[in-house]
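Report on one structure; see the data block that follows.
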Amino acid sequence: MALRTAIRQPEPIAGARLLGLGSSQPDRIVTNDELAQRVETNDEWIRSRVGIAERRFAAESDSVVSMGADAGSKALADAGLSPTDLDGVIVATCTMPTPIPNAAAQLADRIGVNGIGAMDINTACAGFCYGTGVAADMIRTGTARHVLVVGSEKLSDWLDMDDRSTCIIFADGAGAAVLGPAESADDVGVGPVAWGAAGDLVSTIGIDEKNFLRQEGQAVFRWATTKIAPVAMAALDKAGLTPADIDVLVPHQANLRIVEAIAKKLRSEGARDDLVVADDIVHSGNTSSASIPMAIDHMRGAGRVRSGDVALIVGFGAGLSYGGQVVVLP
Ligand code: UT7
């Protein structure tokens, strides 16, 4: 039976692509030796077990919103767009100081645009991939033309600086991407997202009664090294690609040993010898939802990746949550 009222829908298009990237890090560099003055640890342990040489901690005046706005403005400039070209802002974060207000509305205002759809997504370290998935579908279905996706975290606010199992890992920063419409089906630059959650493992990462981040490191490590490579493979499969088709692998920068385990699995499935694998954790630490866009932006700045490269991104973290997709670099 036909409805009495015909509800018009936006005109769908072939798909989305990345138009620009940007990132932002606080000025303060914190070395392993500095942390070793506070907790019982050492540079050798941190480098060999996690892969981190140094990380950045935000100043009091830096916030999820300010770092995210800086990264977002750079991504817009990189895309050659103005804030008012945006139809939506998605901020992936798990470290806002309070549940409300969200980051996205303030961030949009700060970069110079109001009156557009603005929302936060909290899937912790998987947040950038979730945000990219939602933004790409907003564009594909005609809901939006240009969407800014930001991953921004101030994890230092939530660290127990006397807990050596967490304070040496997590750090602060932001990364952002602008997504826009592909010109044709051949020009689509964002693959379908492969995502999911393992709520049965919720107790392995969380915030305790003192507002400190705690994780069962070994349990999460085992999960990440066995369950995330299949998510990466699923993202490739959904995009109709194989490991040999990708130029760049960007897993969430949680631990260099996890990154290497995922790369090893992809190589065993046919990835090329010249596959570029992100190792931004060495100088940036684990910045949760910011780690993937920040890693890509840093690799681009260092000339390790080029416009047009096919990248496989995959995030994983608290929830537990995970997600990934193929993106063509702008
Ligand atoms: O981003 C969100 C997702 N999170 C992750 O993916 C994190 C996954 N987990 C990990 O990356 C690793 O489990 C950690 C980096 C957290 C820990 O590394 P590990 O190799 O699993 O160490 P462990 O917890 O098994 O500890 C090994 C030893 C222990 O000593 P004993 O019991 O063997 O004597 C720890 O007490 O290392 C000790 N230890 C440390 N030693 C020096 C733990 N932290 C430190 C430290 N410095 N900072």
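In the structure tokens, the first chain shown is A, the next is B, and so on; residue numbers restart at 1 for each chain, and ligands run from 1 in the order shown.
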
| field | Surrounding residues of stretch 220-227 of chain A excluding itself and chain neighbours under 6 positions, 12 Å, only C-alpha atoms, as a PyMOL selection string | value | chain A and resi 49-50+125-126+195-198+201-206+214+233-234+251-265+314-323

Can you write out the residues you just picked, keeping N, CA and C atoms, as a CSV table (one decimal), in the first residue's frame?
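Written output follows (again.csv):
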chain,number,residue,atom,x,y,z
A,49,ARG,N,59.4,-3.4,24.2
A,49,ARG,CA,58.1,-4.0,24.4
A,49,ARG,C,56.9,-3.2,23.7
A,50,VAL,N,57.1,-1.9,23.5
A,50,VAL,CA,56.0,-1.1,23.0
A,50,VAL,C,56.4,-0.4,21.7
A,125,CYS,N,39.9,3.7,20.3
A,125,CYS,CA,41.0,3.7,19.3
A,125,CYS,C,40.5,3.3,17.9
A,126,ALA,N,39.2,2.8,17.8
A,126,ALA,CA,38.7,2.5,16.5
A,126,ALA,C,37.9,3.7,15.9
A,195,TRP,N,33.5,-3.4,10.5
A,195,TRP,CA,33.5,-3.0,11.9
A,195,TRP,C,32.8,-3.9,12.8
A,196,GLY,N,33.0,-3.8,14.0
A,196,GLY,CA,32.4,-4.7,15.0
A,196,GLY,C,32.8,-4.3,16.4
A,197,ALA,N,32.2,-5.1,17.3
A,197,ALA,CA,32.5,-4.9,18.7
A,197,ALA,C,32.6,-6.2,19.5
A,198,ALA,N,33.3,-6.3,20.5
A,198,ALA,CA,33.4,-7.5,21.4
A,198,ALA,C,33.2,-7.0,22.8
A,201,LEU,N,34.4,-8.6,26.1
A,201,LEU,CA,35.7,-8.3,26.6
A,201,LEU,C,35.8,-6.9,27.2
A,202,VAL,N,34.7,-6.3,27.5
A,202,VAL,CA,34.6,-4.9,28.0
A,202,VAL,C,35.5,-4.6,29.1
A,203,SER,N,35.7,-5.6,30.0
A,203,SER,CA,36.4,-5.3,31.3
A,203,SER,C,37.9,-5.1,31.0
A,204,THR,N,38.4,-5.4,29.8
A,204,THR,CA,39.9,-5.3,29.6
A,204,THR,C,40.5,-3.9,29.5
A,205,ILE,N,39.6,-2.9,29.1
A,205,ILE,CA,40.1,-1.5,29.1
A,205,ILE,C,38.9,-0.6,29.6
A,206,GLY,N,39.3,0.3,30.5
A,206,GLY,CA,38.2,1.2,31.0
A,206,GLY,C,38.8,2.2,31.9
A,214,ARG,N,42.7,2.2,32.8
A,214,ARG,CA,43.3,0.9,33.2
A,214,ARG,C,43.1,-0.1,32.0
A,233,MET,N,41.6,-7.9,6.7
A,233,MET,CA,41.3,-8.7,5.5
A,233,MET,C,39.9,-8.6,5.1
A,234,ALA,N,39.0,-8.5,6.1
A,234,ALA,CA,37.6,-8.3,5.7
A,234,ALA,C,37.3,-6.9,5.0
A,251,PRO,N,47.8,0.4,10.8
A,251,PRO,CA,47.0,0.0,12.0
A,251,PRO,C,47.0,1.1,13.0
A,252,HIS,N,46.0,1.1,13.9
A,252,HIS,CA,46.1,1.9,15.1
A,252,HIS,C,47.5,1.7,15.8
A,253,GLN,N,48.1,2.8,16.2
A,253,GLN,CA,49.4,2.7,16.8
A,253,GLN,C,49.4,2.4,18.3
A,254,ALA,N,49.0,1.2,18.6
A,254,ALA,CA,48.9,0.8,20.0
A,254,ALA,C,50.2,0.3,20.6
A,255,ASN,N,50.9,-0.5,19.8
A,255,ASN,CA,52.1,-1.1,20.2
A,255,ASN,C,52.8,-1.6,18.9
A,256,LEU,N,54.1,-1.3,18.7
A,256,LEU,CA,54.8,-1.6,17.4
A,256,LEU,C,54.8,-3.1,17.2
A,257,ARG,N,54.7,-3.9,18.3
A,257,ARG,CA,54.7,-5.4,18.1
A,257,ARG,C,53.3,-5.8,17.5
A,258,ILE,N,52.3,-5.1,17.9
A,258,ILE,CA,50.9,-5.4,17.3
A,258,ILE,C,50.9,-5.0,15.8
A,259,VAL,N,51.5,-3.8,15.5
A,259,VAL,CA,51.5,-3.4,14.1
A,259,VAL,C,52.3,-4.4,13.3
A,260,GLU,N,53.4,-4.9,13.8
A,260,GLU,CA,54.2,-5.8,13.1
A,260,GLU,C,53.5,-7.2,12.9
A,261,ALA,N,52.7,-7.6,13.9
A,261,ALA,CA,52.0,-8.9,13.8
A,261,ALA,C,50.9,-8.8,12.7
A,262,ILE,N,50.3,-7.6,12.6
A,262,ILE,CA,49.2,-7.4,11.5
A,262,ILE,C,49.9,-7.4,10.2
A,263,ALA,N,51.0,-6.7,10.1
A,263,ALA,CA,51.8,-6.6,8.8
A,263,ALA,C,52.2,-8.0,8.4
A,264,LYS,N,52.7,-8.8,9.3
A,264,LYS,CA,53.2,-10.1,9.0
A,264,LYS,C,52.1,-11.0,8.4
A,265,LYS,N,50.9,-10.9,9.0
A,265,LYS,CA,49.8,-11.7,8.5
A,265,LYS,C,49.4,-11.2,7.1
A,314,VAL,N,43.1,0.3,10.0
A,314,VAL,CA,42.4,-0.5,10.9
A,314,VAL,C,42.6,-0.1,12.4
A,315,GLY,N,41.5,0.2,13.1
A,315,GLY,CA,41.6,0.7,14.5
A,315,GLY,C,41.0,-0.3,15.4
A,316,PHE,N,41.4,-0.3,16.7
A,316,PHE,CA,40.9,-1.3,17.7
A,316,PHE,C,41.2,-0.8,19.1
A,317,GLY,N,40.3,-1.0,20.0
A,317,GLY,CA,40.5,-0.5,21.3
A,317,GLY,C,39.4,-0.8,22.3
A,318,ALA,N,39.2,0.1,23.2
A,318,ALA,CA,38.2,-0.1,24.3
A,318,ALA,C,36.8,-0.3,23.7
A,319,GLY,N,36.1,-1.1,24.5
A,319,GLY,CA,34.7,-1.5,24.0
A,319,GLY,C,34.4,-2.9,24.3
A,320,LEU,N,35.2,-3.8,23.7
A,320,LEU,CA,36.2,-3.6,22.7
A,320,LEU,C,35.6,-3.2,21.4
A,321,SER,N,36.2,-2.4,20.6
A,321,SER,CA,35.6,-1.9,19.3
A,321,SER,C,36.7,-2.1,18.3
A,322,TYR,N,36.3,-2.3,17.0
A,322,TYR,CA,37.3,-2.4,16.0
A,322,TYR,C,36.6,-2.1,14.6
A,323,GLY,N,37.4,-1.6,13.7
A,323,GLY,CA,36.9,-1.2,12.4
A,323,GLY,C,38.0,-0.8,11.5

Determine, using only C-alpha atoms, which residues of stretch 186-265 of chain A have any atom at most 7 Å from an atom of stretch 272-284 of chain A, and tabulate each with its shortest atom pair and distance in Å to one decimal place, rows ordered by chain and then rising number, as a tab-separated table.
residue	atom	partner	partner_atom	distance
A:Ala244	CA	A:Arg272	CA	5.4
A:Asp247	CA	A:Leu275	CA	5.2
A:Val248	CA	A:Val276	CA	4.7
A:Leu249	CA	A:Val277	CA	4.9
A:Val250	CA	A:Ala278	CA	5.1
A:Gln253	CA	A:Ile281	CA	5.3
A:Leu256	CA	A:Asp279	CA	6.8

Quick one: pick out all strand (DSSP E) residues within stretch 114-294 of chain A from a backbone DSSP run and write them as a compact mmCIF listing (two decimals) with N, CA, C and O atoms, in the first residue's frame.
# COMPACT_ATOMS: atom_id res chain seq x y z
N GLY A 117 25.65 19.70 10.81
CA GLY A 117 25.56 18.51 11.66
C GLY A 117 26.90 18.27 12.34
O GLY A 117 27.94 18.26 11.69
N ALA A 118 26.88 18.10 13.67
CA ALA A 118 28.14 17.94 14.41
C ALA A 118 27.93 16.91 15.50
O ALA A 118 27.06 17.09 16.36
N MET A 119 28.70 15.83 15.47
CA MET A 119 28.51 14.78 16.47
C MET A 119 29.82 14.13 16.85
O MET A 119 30.76 14.09 16.06
N ASP A 120 29.86 13.60 18.07
CA ASP A 120 31.01 12.81 18.52
C ASP A 120 30.70 11.32 18.33
O ASP A 120 29.54 10.91 18.41
N ILE A 121 31.77 10.57 18.11
CA ILE A 121 31.68 9.11 18.09
C ILE A 121 32.68 8.59 19.10
O ILE A 121 33.83 9.02 19.09
N VAL A 147 32.48 16.39 4.62
CA VAL A 147 32.45 16.09 6.05
C VAL A 147 33.88 16.07 6.58
O VAL A 147 34.78 15.46 5.98
N LEU A 148 34.08 16.74 7.72
CA LEU A 148 35.37 16.72 8.41
C LEU A 148 35.33 15.63 9.48
O LEU A 148 34.42 15.62 10.32
N VAL A 149 36.30 14.71 9.42
CA VAL A 149 36.40 13.66 10.45
C VAL A 149 37.68 13.90 11.24
O VAL A 149 38.77 13.97 10.65
N VAL A 150 37.53 14.05 12.54
CA VAL A 150 38.67 14.37 13.41
C VAL A 150 38.81 13.29 14.47
O VAL A 150 37.82 12.87 15.06
N GLY A 151 40.04 12.84 14.70
CA GLY A 151 40.33 12.01 15.88
C GLY A 151 41.17 12.86 16.81
O GLY A 151 42.23 13.35 16.39
N SER A 152 40.71 13.12 18.03
CA SER A 152 41.47 13.98 18.92
C SER A 152 41.40 13.45 20.35
O SER A 152 40.32 13.08 20.82
N GLU A 153 42.55 13.38 21.00
CA GLU A 153 42.57 12.81 22.36
C GLU A 153 43.55 13.55 23.26
O GLU A 153 44.67 13.89 22.86
N LYS A 154 43.09 13.76 24.50
CA LYS A 154 43.99 14.23 25.56
C LYS A 154 44.03 13.14 26.63
O LYS A 154 43.41 13.25 27.69
N ASP A 172 48.99 12.39 23.67
CA ASP A 172 47.98 13.37 23.21
C ASP A 172 48.23 13.79 21.75
O ASP A 172 49.38 13.79 21.30
N GLY A 173 47.16 14.22 21.09
CA GLY A 173 47.30 14.73 19.73
C GLY A 173 46.01 14.59 18.95
O GLY A 173 45.00 14.10 19.47
N ALA A 174 46.05 15.05 17.69
CA ALA A 174 44.85 15.00 16.85
C ALA A 174 45.24 14.79 15.38
O ALA A 174 46.32 15.20 14.95
N GLY A 175 44.35 14.15 14.65
CA GLY A 175 44.51 13.98 13.21
C GLY A 175 43.16 14.16 12.56
O GLY A 175 42.12 13.92 13.20
N ALA A 176 43.14 14.61 11.31
CA ALA A 176 41.85 14.90 10.66
C ALA A 176 41.90 14.63 9.17
O ALA A 176 42.97 14.69 8.56
N ALA A 177 40.73 14.35 8.62
CA ALA A 177 40.59 14.18 7.17
C ALA A 177 39.31 14.85 6.72
O ALA A 177 38.30 14.81 7.43
N VAL A 178 39.36 15.46 5.54
CA VAL A 178 38.14 15.97 4.90
C VAL A 178 37.72 14.98 3.83
O VAL A 178 38.54 14.57 3.01
N LEU A 179 36.45 14.57 3.89
CA LEU A 179 35.90 13.68 2.87
C LEU A 179 34.93 14.46 2.00
O LEU A 179 34.20 15.34 2.48
N GLY A 180 34.93 14.13 0.72
CA GLY A 180 34.01 14.77 -0.22
C GLY A 180 33.57 13.79 -1.27
O GLY A 180 33.97 12.61 -1.26
N PRO A 181 32.74 14.24 -2.21
CA PRO A 181 32.18 13.33 -3.20
C PRO A 181 33.19 12.92 -4.27
O PRO A 181 34.00 13.73 -4.72
N ALA A 194 34.60 -2.29 7.56
CA ALA A 194 34.41 -3.60 8.24
C ALA A 194 34.54 -3.29 9.72
O ALA A 194 35.61 -2.90 10.17
N TRP A 195 33.45 -3.38 10.45
CA TRP A 195 33.52 -2.97 11.86
C TRP A 195 32.78 -3.93 12.76
O TRP A 195 32.02 -4.79 12.29
N GLY A 196 33.02 -3.80 14.04
CA GLY A 196 32.35 -4.68 15.00
C GLY A 196 32.77 -4.34 16.41
O GLY A 196 33.53 -3.40 16.65
N ALA A 197 32.22 -5.12 17.33
CA ALA A 197 32.52 -4.88 18.75
C ALA A 197 32.55 -6.22 19.48
O ALA A 197 31.87 -7.17 19.08
N ILE A 205 39.61 -2.92 29.10
CA ILE A 205 40.07 -1.52 29.05
C ILE A 205 38.95 -0.63 29.58
O ILE A 205 37.81 -0.75 29.11
N GLY A 206 39.29 0.25 30.49
CA GLY A 206 38.24 1.15 30.99
C GLY A 206 38.81 2.23 31.89
O GLY A 206 40.03 2.40 32.00
N ILE A 207 37.89 2.98 32.50
CA ILE A 207 38.25 4.06 33.42
C ILE A 207 37.83 3.60 34.82
O ILE A 207 36.68 3.19 35.01
N LEU A 213 42.71 5.61 33.47
CA LEU A 213 42.61 4.59 32.44
C LEU A 213 43.36 3.33 32.90
O LEU A 213 44.52 3.42 33.31
N ARG A 214 42.68 2.18 32.83
CA ARG A 214 43.34 0.91 33.17
C ARG A 214 43.14 -0.06 32.01
O ARG A 214 42.08 -0.06 31.38
N GLN A 215 44.14 -0.89 31.74
CA GLN A 215 43.92 -1.96 30.76
C GLN A 215 44.65 -3.23 31.17
O GLN A 215 45.69 -3.18 31.82
N VAL A 248 50.04 0.95 1.46
CA VAL A 248 50.31 1.44 2.82
C VAL A 248 49.40 0.73 3.81
O VAL A 248 48.20 0.59 3.56
N LEU A 249 49.98 0.30 4.94
CA LEU A 249 49.19 -0.31 6.02
C LEU A 249 49.29 0.60 7.24
O LEU A 249 50.40 0.89 7.71
N VAL A 250 48.14 1.04 7.73
CA VAL A 250 48.12 1.93 8.90
C VAL A 250 47.22 1.35 9.99
O VAL A 250 46.05 1.72 10.10
N PRO A 251 47.77 0.43 10.81
CA PRO A 251 46.99 -0.02 11.96
C PRO A 251 47.03 1.06 13.04
O PRO A 251 47.97 1.87 13.09
N VAL A 276 54.41 -0.14 2.70
CA VAL A 276 54.84 0.83 3.72
C VAL A 276 53.96 0.60 4.96
O VAL A 276 52.73 0.59 4.86
N VAL A 277 54.60 0.37 6.10
CA VAL A 277 53.86 0.10 7.34
C VAL A 277 54.07 1.25 8.33
O VAL A 277 55.22 1.62 8.63

Contact check, stretch 14-49 of chain A to stretch 53-77 of chain A, at most 7 Å, counting only C-alpha atoms, closest pairs as a tab-separated table:
residue	atom	partner	partner_atom	distance
A:Gly20	CA	A:Ala75	CA	4.9
A:Leu21	CA	A:Ala75	CA	4.1
A:Gly22	CA	A:Ala75	CA	4.2
A:Ser23	CA	A:Ala71	CA	4.2
A:Ser24	CA	A:Ala71	CA	5.0
A:Gln25	CA	A:Arg56	CA	6.8
A:Pro26	CA	A:Ala58	CA	5.0
A:Asp27	CA	A:Arg56	CA	6.9
A:Arg28	CA	A:Arg56	CA	5.5
A:Ile29	CA	A:Arg56	CA	4.7
A:Val30	CA	A:Arg55	CA	5.4
A:Thr31	CA	A:Glu54	CA	4.5
A:Asn32	CA	A:Glu54	CA	6.1
A:Arg47	CA	A:Ala53	CA	5.9

| task | Would you kindly return, as a PyMOL selection string, each protein, DNA or RNA residue with an atom no farther than 8 Å from any atom of A:Lys238, considering only C-alpha atoms and excluding same-chain residues fewer than 5 positions away? | result | chain A and resi 191-194

| request: Take atom CA of A:Val91 and atom CA of A:Gly127 and report the distance between them in Å, one decimal. | output: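 Atom CA of A:Gly127 lies 8.3 Å from atom CA of A:Val91.
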
| note | Across A:Val326, A:Ala108, A:Val231, A:Ile46, the smallest distance to ligand 1, with only C-alpha atoms and all ligand atoms counted, is shown by A:Ile46

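Nearest-residue note for ligand 1: choosing from A:Asp33, A:Glu216, A:Asp186, A:Asp245, the minimum distance belongs to A:Glu216, counting only C-alpha atoms and all ligand atoms.
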